[in-house]
Every structure is written in C-alpha cells, then in structure tokens.
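**Q** Take a look at the following structure, please.
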Amino acid sequence: MKTRFFYIVALALCFVACENKSPFDTQSPDDDPRILRPYETTTGKLSYYLENDSTPLIDSVTVTPSRYTTVYWYVDDSLVYTGNKINMCFPAGNHSLMIEAVTTAGKRTARYGSITVGGGAIKEDAIVLWEGSKVLKWDENNLKFTKEDMAEVPVGAQIYVEFTVLPSGDPNYYDPDFGGLNEYQLLRVISDWDNDILPEVHMGEMASPYVFTFDQEDKDLLESKGSMSFVGWGLTITKIAYK
C-alpha cells in the first residue's frame, strides 16, 4: 500500500511540474510595445512598391502586448489608418511611412519606411519635359535639366520617368567601375553629387513609368545648384514628364 501511495504522489508532482512548464500569457499593460512583424530590412527601413494608384497596400502588423496596443499608420505625416491590417490605395509617387504602436499606458514604438506608387502610364495631360533615348550613366551631364528648364514645374508635381531595363547582354548592363560583373539597374536624381532630389532607387523590379514627387526641398536644391541630373546605370530613359 505504501508503495502505491508514493507512486500516486510522485505522479501528481510530475503533472504539477509539467503544468508549470506550459506556455502562459504574460501580457501586461505596462509592457514596452514591440513590433514583431513586418520585419526590418537590411537598411532598417520598410519599403513597399505598388504598381499604380489602383494597387492597394496590403499588409499586417504583429505587436506585443497585443491586447493593450493600438497600431497607427501614417503616410506623409498624416494618419491614414488605425488597426493591425491595412488595405489601401495611394496616389502615384513616393510617400513616407511610419507604423506606430501605442499601448494603453502611452508607451510607443515605431517602424519607418516608404511607399512607392508607379504611374501605370504617363497621363495624356502630363507635360513632357524631355523625350528621346538615353542610356543612363554616372554622368551628371548625360541627362541634365537647368532651373530654367524646370521653371514651370510646380512644387508638388508628380515627375514621370519612362524607362526600360537594359538586357543582360548589353555592355551597359555591367558597370566596369564595380567589378564588371555587378548587375544592377539604378536611378538617382541629383542636384550635385552631395545632394539628392531622388535617392538611389533599384529599378529592376519596378514598372515603367517610375513616379516621384517634386517637393519644396527639391525645388530649393534645384534653385540653389542651378540644375538637376538623372544618373544611374542599367537603364534607358525614354521620356520625362510632369503633372
């Protein structure tokens, strides 16, 4: 009888130990918020590309402590959505993004990034700045516009860049300054080499035309430096327009 009693006690203790090792919810309103998903990129920033203004941004955010945290989506510094899952369209161009997680205790964390929306096609009422065929080079004089050329372009205009990616057999597909075998297709718009109007964009997966917004800071750079240039590699530019 004693043996059976000790066996029952040992079995009960085993069950208690196992229960103590089971997962349990430790969420608290006093926890610091964390954004678990979407994951950070190698640059630390999120990056979304939408083919056109009819293509929605669809993504969801996983946060902790989830029961005590609200997610806010800010695009171009304006709150556009509240909730964990977004399904929204945005105008063509480049947009800044901030995803903020705020707990009931007022604790905050945020993740930053950008949304690039393609133009789908250059609109018929867009004004053409230039049309032709230029293979993009790391040469600021290859495709340059003076401030006089850009005088009629208003702040807030959408700049449309029509392009094609060079085929892999084209000698301009490989940049000899980067080892000769480094395949990439990049677009950058500069006022000079130290000041970007459009920071470097990887164009290989982008749809033509690429669209970016000409904002007040860009206008000021253009005015102070006197010109802006389209530079990069691995692309042929066929039209630049604005609307």
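Naming scheme: A, B, ... for chains in displayed order of the structure tokens; residues 1 onward per chain; ligands 1 onward as shown.
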Can you list, as a list in words, every residue of segment 9-237 of chain A that DSSP puts in alpha helix (DSSP H)?
**A**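 The alpha helix (DSSP H) subset of segment 9-237 of chain A is Val9, Ala10, Leu11, Ala12, Leu13, Cys14, Phe15, Val16, Ala17, Cys18, Glu19, Asn20, Gln216, Glu217, Asp218, Lys219, Asp220, Leu221, Leu222, Glu223, Ser224 and Lys225 of chain A.
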**Q** Create the file for the chosen residues now, containing N, CA and C atoms and written as a compact mmCIF listing (two decimals), in the first residue's frame.
**A**
# COMPACT_ATOMS: atom_id res chain seq x y z
N VAL A 9 1.65 9.94 -5.39
CA VAL A 9 2.18 11.26 -5.05
C VAL A 9 3.20 11.71 -6.08
N ALA A 10 4.10 10.81 -6.49
CA ALA A 10 5.13 11.16 -7.47
C ALA A 10 4.50 11.53 -8.80
N LEU A 11 3.45 10.79 -9.19
CA LEU A 11 2.77 11.07 -10.45
C LEU A 11 2.10 12.44 -10.40
N ALA A 12 1.49 12.77 -9.26
CA ALA A 12 0.84 14.08 -9.09
C ALA A 12 1.86 15.20 -9.19
N LEU A 13 3.03 15.02 -8.56
CA LEU A 13 4.08 16.04 -8.61
C LEU A 13 4.58 16.22 -10.03
N CYS A 14 4.64 15.14 -10.78
CA CYS A 14 5.08 15.22 -12.17
C CYS A 14 4.12 16.06 -12.99
N PHE A 15 2.79 15.84 -12.77
CA PHE A 15 1.80 16.63 -13.50
C PHE A 15 1.90 18.11 -13.16
N VAL A 16 2.12 18.42 -11.88
CA VAL A 16 2.26 19.83 -11.46
C VAL A 16 3.46 20.46 -12.12
N ALA A 17 4.59 19.73 -12.17
CA ALA A 17 5.81 20.25 -12.79
C ALA A 17 5.59 20.52 -14.26
N CYS A 18 4.89 19.58 -14.93
CA CYS A 18 4.64 19.77 -16.36
C CYS A 18 3.76 20.96 -16.61
N GLU A 19 2.75 21.14 -15.74
CA GLU A 19 1.85 22.29 -15.90
C GLU A 19 2.61 23.60 -15.74
N ASN A 20 3.58 23.63 -14.82
CA ASN A 20 4.34 24.86 -14.59
C ASN A 20 5.21 25.22 -15.78
N GLN A 216 9.08 70.86 -52.08
CA GLN A 216 9.70 72.17 -51.87
C GLN A 216 11.21 72.07 -51.65
N GLU A 217 11.64 71.06 -50.94
CA GLU A 217 13.08 70.86 -50.71
C GLU A 217 13.80 70.61 -52.03
N ASP A 218 13.16 69.85 -52.93
CA ASP A 218 13.75 69.59 -54.25
C ASP A 218 13.86 70.89 -55.04
N LYS A 219 12.79 71.70 -54.99
CA LYS A 219 12.78 72.98 -55.70
C LYS A 219 13.89 73.88 -55.18
N ASP A 220 14.05 73.92 -53.87
CA ASP A 220 15.10 74.76 -53.27
C ASP A 220 16.49 74.30 -53.69
N LEU A 221 16.71 72.97 -53.72
CA LEU A 221 18.01 72.44 -54.17
C LEU A 221 18.28 72.82 -55.62
N LEU A 222 17.25 72.66 -56.46
CA LEU A 222 17.39 73.00 -57.87
C LEU A 222 17.75 74.47 -58.05
N GLU A 223 17.07 75.33 -57.32
CA GLU A 223 17.32 76.77 -57.43
C GLU A 223 18.72 77.12 -56.96
N SER A 224 19.16 76.50 -55.87
CA SER A 224 20.47 76.85 -55.31
C SER A 224 21.62 76.30 -56.15
N LYS A 225 21.44 75.13 -56.74
CA LYS A 225 22.52 74.49 -57.51
C LYS A 225 22.44 74.80 -59.00
**Q** Using DSSP on the backbone coordinates, identify the residues of segment 30-237 of chain A assigned to strand (DSSP E); present them as a VMD selection string.
**A** chain A and resid 34 to 37 46 to 50 57 to 60 62 to 64 69 to 75 78 to 82 85 to 88 93 to 103 108 to 117 127 to 135 144 to 146 157 to 165 186 to 192 195 to 202 210 to 214 227 to 233 235 to 237
**Q** Given the choices A:Thr238, A:Asn94, A:Thr146, A:Asn52, which gets closest to Ile159 of chain A if the distance is worked out from only C-alpha atoms?
**A**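 Counting only C-alpha atoms, the residue closest to Ile159 of chain A is A:Asn94.
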**Q** Give me, as a Markdown table, the closest atom pair and its distance (Å, one decimal) for every residue of segment 137-172 of chain A within a cut-off of 9 Å of segment 117-132 of chain A, counting only C-alpha atoms, rows sorted by chain and rising number.
**A**
| residue | atom | partner | partner_atom | distance |
| --- | --- | --- | --- | --- |
| A:Phe145 | CA | A:Leu129 | CA | 8.9 |
| A:Asp149 | CA | A:Leu129 | CA | 7.9 |
| A:Met150 | CA | A:Leu129 | CA | 8.2 |
| A:Tyr160 | CA | A:Ile122 | CA | 6.6 |
| A:Val161 | CA | A:Ile122 | CA | 8.6 |
| A:Glu162 | CA | A:Ile122 | CA | 7.9 |
**Q** Please, could you write that set of residues out with N, CA and C atoms as a PDB file, in the first residue's frame?
**A**
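Ended up saving to part-v6.pdb:
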ATOM      1  N   PHE A 145      18.805  68.881 -66.467  1.00  0.00           N
ATOM      2  CA  PHE A 145      17.803  69.921 -66.639  1.00  0.00           C
ATOM      3  C   PHE A 145      18.206  71.125 -65.799  1.00  0.00           C
ATOM      4  N   ASP A 149      14.852  75.124 -67.332  1.00  0.00           N
ATOM      5  CA  ASP A 149      14.070  74.025 -67.904  1.00  0.00           C
ATOM      6  C   ASP A 149      12.917  73.618 -66.984  1.00  0.00           C
ATOM      7  N   MET A 150      13.157  73.745 -65.677  1.00  0.00           N
ATOM      8  CA  MET A 150      12.187  73.280 -64.681  1.00  0.00           C
ATOM      9  C   MET A 150      11.342  74.409 -64.104  1.00  0.00           C
ATOM     10  N   TYR A 160       7.185  61.915 -63.899  1.00  0.00           N
ATOM     11  CA  TYR A 160       7.089  60.583 -64.501  1.00  0.00           C
ATOM     12  C   TYR A 160       8.368  60.282 -65.286  1.00  0.00           C
ATOM     13  N   VAL A 161       8.967  59.131 -65.009  1.00  0.00           N
ATOM     14  CA  VAL A 161      10.188  58.709 -65.705  1.00  0.00           C
ATOM     15  C   VAL A 161       9.888  57.403 -66.435  1.00  0.00           C
ATOM     16  N   GLU A 162       9.804  57.490 -67.754  1.00  0.00           N
ATOM     17  CA  GLU A 162       9.564  56.295 -68.557  1.00  0.00           C
ATOM     18  C   GLU A 162      10.905  55.649 -68.855  1.00  0.00           C
TER      19      GLU A 162
END
**Q** At what distance in Å, to one decimal, does atom CA of Ile35 of chain A lie from atom CA of Thr213 of chain A?
**A**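 Computed distance, atom CA of Thr213 of chain A to atom CA of Ile35 of chain A, equals 29.2 Å.
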